[in-house]
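Peer 1: One structure, as structure tokens, below. Some questions next.
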Amino acid sequence: MSLASVPSSSHTLSAHGWDSAWEAAFAPYAAQGLVPGRVVRVDRGQCDVVTADGVIRADTAFVTPHDPLRVICTGDWAAVETSGNPRYVRTYLPRRTAFVRSTSSQRSEGQILAANVDHAIIAVPLSVELDLGRVERFLALAWESGAQPLVVLTKADLVPDPVGLSYLVQDVETAAPGVQVLPVSATSGEGVDVLAAVVAGGTSVLLGTSGAGKSTLANALLGEDVMAVQATRDVDGKGRHTTTTRNLLALPGGGVLIDTPGLRGVGLWDAETGVGQVFSEIEELAARCRFHDCAHGAEPGCAVLAAIEDGSLPERRLDSYRKLLRENQRIVAKTDARLRTEILKDWKRKSAAGRAALEAKRGPRAR
């Protein structure tokens, strides 16, 4: 995004989400002569910050701690020192929400993708077969962030049959309880007005894999071709990373949009609450199990297994739920020594119980 693309006016901050609560939080920094602004892009130790007087370039040297979750991020409200050259971001205001995933590195650090987001828009392309497990993974991170998720089925024009499209929507709705699922076509305009109305009320982050049509969707919401677009491969529907940085854009109909690069890996990061929200029907069933620590394996009186047997709960949902819980536990255990000890004790207890059950099945040994 070029610096000239952001208008300079007294209403610029409010157009980017500034409100009385942010103003009150900023008061101590205003007394120090610092200027408020919202971070619209971060790259190479510097960031673009939109202020009441337009966009300025600022150095982030004062906000680069060792904790990767505390670095300056697109969507942050910053306190900027503008008197010198270069200008510096001195700090940022406490975040209301933060979208965080784990990195693909061996250290499994958290990576913050966007801050102060109200809506997490998960773009799922209909140009390829639906991957409901990936949708559930995105939703877990979205719920954990504190934002309201919304699943957008992009490229809906590729499914011209209304009945077939309705079945796809129902499939995703099953994987996304409590979440609006909206088919959208940036080509035909279907659903774009509905989506624009949803995002007009705050800050939204656009998430999805490469080739999901995020940049095309962003352009449709902006009403102009601001974001570059590349064609996807016909063989698998994947595309190259059109967007290489996270950009914050003010929408003409109100609201702010953060466009992100395509995400190849979406690792959980301390998202137990988010997982529970995605699989709320399983957690509600689990509360009715006979045993409070039911593992939903072979225990008598298991309400979850009963729901699978009568067809009201798809077995795929339980498998996905278990997978995400295990992954999240592994991530948390890497930074929590107490939890690692508890996991080891639980593993030893289950191993001992398994051996005892096997011995009982074999019967007493002859002496």
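Chains: A, B, ... in order of the structure tokens. Residues: from 1 per chain. Ligands: from 1, in order shown.
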For the helix (DSSP H, G or I) assignment from backbone DSSP, which residues of region 20-164 of chain A qualify? Please present them as a ChimeraX atom specification.
Peer 2: /A:20-30,61-63,68-70,132-145,156-158,162-164
Peer 1: Write a file of the just-selected residues containing N, CA, C and O atoms, as a compact mmCIF listing (two decimals), in the first residue's frame.
Peer 2:
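Heads up, here's the output in out-v6.txt:
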# COMPACT_ATOMS: atom_id res chain seq x y z
N SER A 20 -13.20 6.86 21.92
CA SER A 20 -12.96 7.53 23.20
C SER A 20 -12.16 6.66 24.16
O SER A 20 -11.37 7.18 24.96
N ALA A 21 -12.34 5.35 24.09
CA ALA A 21 -11.58 4.45 24.97
C ALA A 21 -10.10 4.47 24.62
O ALA A 21 -9.23 4.50 25.51
N TRP A 22 -9.78 4.44 23.32
CA TRP A 22 -8.38 4.54 22.91
C TRP A 22 -7.81 5.90 23.32
O TRP A 22 -6.66 5.99 23.76
N GLU A 23 -8.61 6.95 23.17
CA GLU A 23 -8.14 8.29 23.53
C GLU A 23 -7.81 8.38 25.02
O GLU A 23 -6.78 8.96 25.41
N ALA A 24 -8.66 7.77 25.85
CA ALA A 24 -8.40 7.78 27.29
C ALA A 24 -7.13 6.99 27.62
O ALA A 24 -6.34 7.41 28.48
N ALA A 25 -6.94 5.85 26.95
CA ALA A 25 -5.76 5.04 27.20
C ALA A 25 -4.48 5.74 26.76
O ALA A 25 -3.40 5.52 27.32
N PHE A 26 -4.62 6.62 25.76
CA PHE A 26 -3.44 7.30 25.22
C PHE A 26 -3.07 8.56 26.00
O PHE A 26 -1.96 9.09 25.83
N ALA A 27 -3.95 9.02 26.86
CA ALA A 27 -3.75 10.30 27.54
C ALA A 27 -2.36 10.46 28.18
O ALA A 27 -1.73 11.52 28.04
N PRO A 28 -1.83 9.46 28.90
CA PRO A 28 -0.50 9.63 29.50
C PRO A 28 0.60 9.88 28.46
O PRO A 28 1.55 10.61 28.72
N TYR A 29 0.47 9.30 27.28
CA TYR A 29 1.48 9.48 26.23
C TYR A 29 1.32 10.83 25.54
O TYR A 29 2.30 11.44 25.10
N ALA A 30 0.06 11.29 25.45
CA ALA A 30 -0.17 12.62 24.88
C ALA A 30 0.49 13.67 25.75
O ALA A 30 1.05 14.67 25.24
N ALA A 61 12.69 0.29 16.86
CA ALA A 61 13.79 -0.20 17.70
C ALA A 61 13.43 -0.24 19.18
O ALA A 61 13.96 -1.08 19.92
N PHE A 62 12.54 0.62 19.64
CA PHE A 62 12.19 0.67 21.06
C PHE A 62 11.13 -0.37 21.43
O PHE A 62 10.83 -0.54 22.61
N VAL A 63 10.53 -1.03 20.45
CA VAL A 63 9.49 -2.04 20.73
C VAL A 63 9.84 -3.35 20.03
O VAL A 63 9.01 -3.92 19.32
N PRO A 68 8.40 -12.65 21.00
CA PRO A 68 7.83 -12.34 19.67
C PRO A 68 6.37 -11.92 19.71
O PRO A 68 5.86 -11.37 18.74
N LEU A 69 5.70 -12.17 20.83
CA LEU A 69 4.30 -11.77 20.94
C LEU A 69 4.16 -10.31 21.34
O LEU A 69 3.05 -9.76 21.35
N ARG A 70 5.27 -9.65 21.65
CA ARG A 70 5.21 -8.26 22.09
C ARG A 70 5.82 -7.29 21.09
O ARG A 70 5.99 -6.13 21.38
N LEU A 132 -12.52 -29.38 5.96
CA LEU A 132 -13.21 -28.93 7.17
C LEU A 132 -12.27 -28.90 8.37
O LEU A 132 -12.44 -28.06 9.27
N GLY A 133 -11.29 -29.78 8.39
CA GLY A 133 -10.33 -29.78 9.49
C GLY A 133 -9.55 -28.47 9.54
O GLY A 133 -9.30 -27.93 10.62
N ARG A 134 -9.18 -27.96 8.38
CA ARG A 134 -8.46 -26.68 8.34
C ARG A 134 -9.37 -25.54 8.77
O ARG A 134 -8.93 -24.60 9.45
N VAL A 135 -10.64 -25.61 8.37
CA VAL A 135 -11.59 -24.58 8.78
C VAL A 135 -11.69 -24.57 10.31
O VAL A 135 -11.66 -23.49 10.94
N GLU A 136 -11.79 -25.73 10.92
CA GLU A 136 -11.88 -25.83 12.38
C GLU A 136 -10.63 -25.28 13.05
O GLU A 136 -10.69 -24.63 14.10
N ARG A 137 -9.48 -25.51 12.45
CA ARG A 137 -8.21 -25.00 12.99
C ARG A 137 -8.19 -23.47 12.98
O ARG A 137 -7.84 -22.83 13.96
N PHE A 138 -8.57 -22.87 11.84
CA PHE A 138 -8.65 -21.41 11.76
C PHE A 138 -9.64 -20.86 12.78
O PHE A 138 -9.39 -19.84 13.42
N LEU A 139 -10.78 -21.54 12.91
CA LEU A 139 -11.81 -21.07 13.84
C LEU A 139 -11.32 -21.11 15.29
O LEU A 139 -11.63 -20.19 16.07
N ALA A 140 -10.56 -22.14 15.65
CA ALA A 140 -10.04 -22.22 17.03
C ALA A 140 -9.16 -21.02 17.34
O ALA A 140 -9.26 -20.42 18.42
N LEU A 141 -8.28 -20.65 16.40
CA LEU A 141 -7.42 -19.50 16.60
C LEU A 141 -8.23 -18.20 16.62
O LEU A 141 -7.92 -17.29 17.39
N ALA A 142 -9.25 -18.14 15.78
CA ALA A 142 -10.08 -16.93 15.73
C ALA A 142 -10.82 -16.72 17.05
O ALA A 142 -10.82 -15.62 17.61
N TRP A 143 -11.46 -17.78 17.56
CA TRP A 143 -12.17 -17.66 18.83
C TRP A 143 -11.20 -17.31 19.96
O TRP A 143 -11.51 -16.48 20.83
N GLU A 144 -10.02 -17.92 19.94
CA GLU A 144 -9.05 -17.67 21.00
C GLU A 144 -8.57 -16.22 20.98
O GLU A 144 -8.23 -15.65 22.02
N SER A 145 -8.55 -15.61 19.80
CA SER A 145 -8.06 -14.23 19.67
C SER A 145 -8.96 -13.22 20.36
O SER A 145 -8.54 -12.12 20.70
N ALA A 156 -17.72 -18.44 -5.12
CA ALA A 156 -19.01 -19.13 -5.14
C ALA A 156 -19.58 -19.26 -6.55
O ALA A 156 -20.43 -20.12 -6.80
N ASP A 157 -19.11 -18.41 -7.47
CA ASP A 157 -19.59 -18.49 -8.85
C ASP A 157 -19.17 -19.79 -9.52
O ASP A 157 -19.73 -20.16 -10.56
N LEU A 158 -18.17 -20.50 -8.95
CA LEU A 158 -17.72 -21.78 -9.51
C LEU A 158 -18.68 -22.92 -9.15
O LEU A 158 -18.51 -24.04 -9.64
N PRO A 162 -27.53 -23.96 -7.16
CA PRO A 162 -27.91 -23.45 -5.84
C PRO A 162 -28.03 -24.56 -4.79
O PRO A 162 -27.69 -24.35 -3.62
N VAL A 163 -28.53 -25.72 -5.20
CA VAL A 163 -28.68 -26.83 -4.26
C VAL A 163 -27.31 -27.33 -3.81
O VAL A 163 -27.06 -27.56 -2.62
N GLY A 164 -26.40 -27.51 -4.78
CA GLY A 164 -25.06 -27.95 -4.43
C GLY A 164 -24.36 -26.96 -3.53
O GLY A 164 -23.66 -27.35 -2.57
Peer 1: Would you mind listing what lies within 12 Å of Leu222 (chain A) as a list in words, with only C-alpha atoms counted and same-chain residues fewer than 5 positions away left out?
Peer 2: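 Counting only C-alpha atoms, the residues come to Ser5, Ala186, Val192, Asp193, Leu195, Ala196, Val199, Ala200, Ser215, Thr216, Leu217, Met227, Leu248, Leu249, Ala250, Leu251, Pro252, Gly253, Gly254, Gly255, Val256, Leu257, Ile258 and Asp259 of chain A.
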Peer 1: Just the selected residues (all heavy atoms), exported as a compact mmCIF listing (two decimals), in the first residue's frame, please.
Peer 2:
# COMPACT_ATOMS: atom_id res chain seq x y z
N SER A 5 -2.07 6.44 -0.40
CA SER A 5 -3.39 5.82 -0.48
C SER A 5 -4.23 6.09 0.75
O SER A 5 -5.40 5.76 0.79
CB SER A 5 -3.25 4.31 -0.67
OG SER A 5 -2.65 3.72 0.45
N ALA A 186 -16.48 -12.53 -5.69
CA ALA A 186 -16.01 -11.20 -6.06
C ALA A 186 -16.25 -10.95 -7.54
O ALA A 186 -16.35 -9.80 -7.97
CB ALA A 186 -14.52 -11.09 -5.73
N VAL A 192 -21.10 -9.85 -1.53
CA VAL A 192 -20.13 -8.81 -1.18
C VAL A 192 -20.79 -7.71 -0.34
O VAL A 192 -20.20 -7.20 0.62
CB VAL A 192 -19.48 -8.21 -2.45
CG1 VAL A 192 -18.60 -7.02 -2.09
CG2 VAL A 192 -18.67 -9.27 -3.17
N ASP A 193 -22.02 -7.32 -0.69
CA ASP A 193 -22.70 -6.27 0.06
C ASP A 193 -22.99 -6.71 1.50
O ASP A 193 -22.89 -5.91 2.44
CB ASP A 193 -24.00 -5.86 -0.64
CG ASP A 193 -24.94 -7.03 -0.90
OD1 ASP A 193 -24.46 -8.20 -0.87
OD2 ASP A 193 -26.14 -6.81 -1.14
N LEU A 195 -21.21 -8.93 3.21
CA LEU A 195 -19.92 -8.94 3.90
C LEU A 195 -19.49 -7.52 4.25
O LEU A 195 -18.99 -7.27 5.36
CB LEU A 195 -18.87 -9.61 3.03
CG LEU A 195 -17.45 -9.69 3.61
CD1 LEU A 195 -17.44 -10.44 4.92
CD2 LEU A 195 -16.50 -10.34 2.60
N ALA A 196 -19.68 -6.57 3.33
CA ALA A 196 -19.31 -5.18 3.59
C ALA A 196 -20.07 -4.62 4.78
O ALA A 196 -19.52 -3.85 5.58
CB ALA A 196 -19.57 -4.33 2.34
N VAL A 199 -18.42 -6.06 8.07
CA VAL A 199 -17.10 -5.54 8.43
C VAL A 199 -17.12 -4.03 8.66
O VAL A 199 -16.12 -3.46 9.14
CB VAL A 199 -16.05 -5.89 7.35
CG1 VAL A 199 -15.97 -7.39 7.18
CG2 VAL A 199 -16.36 -5.20 6.03
N ALA A 200 -18.23 -3.36 8.34
CA ALA A 200 -18.28 -1.90 8.51
C ALA A 200 -18.23 -1.48 9.96
O ALA A 200 -17.94 -0.32 10.27
CB ALA A 200 -19.55 -1.35 7.85
N SER A 215 -7.04 -11.48 -1.67
CA SER A 215 -6.75 -10.17 -2.27
C SER A 215 -7.87 -9.73 -3.20
O SER A 215 -8.23 -8.54 -3.25
CB SER A 215 -5.42 -10.23 -3.03
OG SER A 215 -4.34 -10.45 -2.14
N THR A 216 -8.45 -10.67 -3.95
CA THR A 216 -9.59 -10.35 -4.81
C THR A 216 -10.77 -9.87 -3.98
O THR A 216 -11.47 -8.91 -4.33
CB THR A 216 -10.00 -11.58 -5.65
OG1 THR A 216 -8.89 -12.02 -6.42
CG2 THR A 216 -11.16 -11.26 -6.57
N LEU A 217 -10.98 -10.54 -2.85
CA LEU A 217 -12.07 -10.16 -1.95
C LEU A 217 -11.80 -8.78 -1.34
O LEU A 217 -12.71 -7.96 -1.21
CB LEU A 217 -12.21 -11.21 -0.86
CG LEU A 217 -13.41 -11.08 0.09
CD1 LEU A 217 -14.72 -11.11 -0.71
CD2 LEU A 217 -13.40 -12.20 1.11
N MET A 227 -5.01 -4.29 -4.02
CA MET A 227 -4.16 -5.44 -3.76
C MET A 227 -3.90 -6.20 -5.05
O MET A 227 -4.81 -6.44 -5.84
CB MET A 227 -4.81 -6.38 -2.73
CG MET A 227 -5.25 -5.67 -1.45
SD MET A 227 -3.92 -4.76 -0.64
CE MET A 227 -2.83 -6.11 -0.20
N LEU A 248 -3.08 -2.81 6.54
CA LEU A 248 -4.33 -2.32 7.12
C LEU A 248 -4.91 -1.26 6.19
O LEU A 248 -4.24 -0.31 5.82
CB LEU A 248 -4.07 -1.74 8.51
CG LEU A 248 -5.29 -1.30 9.32
CD1 LEU A 248 -5.06 -1.55 10.81
CD2 LEU A 248 -5.59 0.18 9.09
N LEU A 249 -6.17 -1.46 5.82
CA LEU A 249 -6.81 -0.62 4.81
C LEU A 249 -8.16 -0.12 5.31
O LEU A 249 -8.98 -0.90 5.81
CB LEU A 249 -7.04 -1.42 3.52
CG LEU A 249 -5.80 -2.16 2.96
CD1 LEU A 249 -6.24 -3.37 2.15
CD2 LEU A 249 -4.98 -1.22 2.10
N ALA A 250 -8.40 1.19 5.20
CA ALA A 250 -9.70 1.75 5.55
C ALA A 250 -10.68 1.49 4.42
O ALA A 250 -10.38 1.74 3.25
CB ALA A 250 -9.56 3.25 5.81
N LEU A 251 -11.86 0.96 4.77
CA LEU A 251 -12.86 0.62 3.76
C LEU A 251 -13.78 1.81 3.48
O LEU A 251 -14.13 2.56 4.40
CB LEU A 251 -13.69 -0.58 4.23
CG LEU A 251 -12.90 -1.88 4.46
CD1 LEU A 251 -13.79 -2.94 5.09
CD2 LEU A 251 -12.30 -2.37 3.16
N PRO A 252 -14.19 2.00 2.23
CA PRO A 252 -15.03 3.15 1.88
C PRO A 252 -16.39 3.13 2.58
O PRO A 252 -16.96 4.19 2.84
CB PRO A 252 -15.17 3.04 0.36
CG PRO A 252 -14.89 1.60 0.04
CD PRO A 252 -13.87 1.17 1.05
N GLY A 253 -16.90 1.95 2.89
CA GLY A 253 -18.20 1.86 3.55
C GLY A 253 -18.10 1.85 5.06
O GLY A 253 -19.10 1.63 5.75
N GLY A 254 -16.92 2.11 5.59
CA GLY A 254 -16.70 2.07 7.03
C GLY A 254 -16.00 0.79 7.44
O GLY A 254 -16.12 -0.24 6.78
N GLY A 255 -15.26 0.87 8.50
CA GLY A 255 -14.52 -0.30 8.97
C GLY A 255 -13.10 -0.33 8.41
O GLY A 255 -12.75 0.45 7.52
N VAL A 256 -12.32 -1.23 8.95
CA VAL A 256 -10.91 -1.37 8.58
C VAL A 256 -10.64 -2.84 8.29
O VAL A 256 -11.13 -3.72 8.99
CB VAL A 256 -10.00 -0.88 9.72
CG1 VAL A 256 -8.53 -1.11 9.39
CG2 VAL A 256 -10.24 0.60 10.00
N LEU A 257 -9.84 -3.10 7.25
CA LEU A 257 -9.52 -4.46 6.85
C LEU A 257 -8.01 -4.69 6.90
O LEU A 257 -7.24 -3.88 6.38
CB LEU A 257 -10.03 -4.74 5.43
CG LEU A 257 -9.79 -6.15 4.88
CD1 LEU A 257 -10.65 -7.16 5.63
CD2 LEU A 257 -10.08 -6.20 3.38
N ILE A 258 -7.59 -5.78 7.53
CA ILE A 258 -6.19 -6.20 7.52
C ILE A 258 -6.09 -7.40 6.61
O ILE A 258 -6.65 -8.47 6.91
CB ILE A 258 -5.69 -6.54 8.94
CG1 ILE A 258 -5.78 -5.31 9.86
CG2 ILE A 258 -4.25 -7.05 8.88
CD1 ILE A 258 -5.40 -5.61 11.30
N ASP A 259 -5.38 -7.24 5.50
CA ASP A 259 -5.15 -8.34 4.57
C ASP A 259 -3.85 -9.02 4.95
O ASP A 259 -2.87 -8.34 5.29
CB ASP A 259 -5.10 -7.82 3.13
CG ASP A 259 -5.14 -8.95 2.11
OD1 ASP A 259 -5.61 -10.04 2.45
OD2 ASP A 259 -4.69 -8.72 0.97
Peer 1: Could you tell me which of A:Glu315, A:Asp53, A:Glu129, A:Asp270 comes closest to Ala212 (chain A) if we count only C-alpha atoms?
Peer 2: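 When distances to Ala212 (chain A) are compared using only C-alpha atoms, the smallest one comes from A:Glu129.
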Peer 1: What gap, in Å, lies between CA of Leu126 (chain A) and CA of Leu165 (chain A)?
Peer 2: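 According to the coordinates, CA of Leu126 (chain A) and CA of Leu165 (chain A) are separated by 9.2 Å.
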Peer 1: Determine, counting only C-alpha atoms, which protein, DNA and RNA residues have an atom within 6 Å of an atom of Arg41 (chain A); residues of the same chain fewer than 3 positions away are not included. Present the result as number ranges by chain.
Peer 2: A: 47-48, 74, 247
Peer 1: Print the selection's residues with N, CA, C and O atoms to a file, as a PDB file, in the first residue's frame.
Peer 2:
ATOM      1  N   CYS A  47       7.889   0.660  10.420  1.00  0.00           N
ATOM      2  CA  CYS A  47       6.458   0.486  10.160  1.00  0.00           C
ATOM      3  C   CYS A  47       5.870   1.776   9.615  1.00  0.00           C
ATOM      4  O   CYS A  47       6.409   2.874   9.819  1.00  0.00           O
ATOM      5  N   ASP A  48       4.769   1.625   8.891  1.00  0.00           N
ATOM      6  CA  ASP A  48       3.976   2.768   8.454  1.00  0.00           C
ATOM      7  C   ASP A  48       2.869   2.960   9.479  1.00  0.00           C
ATOM      8  O   ASP A  48       2.174   2.007   9.849  1.00  0.00           O
ATOM      9  N   THR A  74       0.758  -5.085  12.854  1.00  0.00           N
ATOM     10  CA  THR A  74      -0.299  -4.412  12.105  1.00  0.00           C
ATOM     11  C   THR A  74      -1.596  -4.427  12.924  1.00  0.00           C
ATOM     12  O   THR A  74      -2.021  -5.473  13.411  1.00  0.00           O
ATOM     13  N   ASN A 247      -1.335  -5.725   5.630  1.00  0.00           N
ATOM     14  CA  ASN A 247      -1.674  -4.335   5.323  1.00  0.00           C
ATOM     15  C   ASN A 247      -3.019  -3.964   5.913  1.00  0.00           C
ATOM     16  O   ASN A 247      -3.988  -4.725   5.788  1.00  0.00           O
TER      17      ASN A 247
END
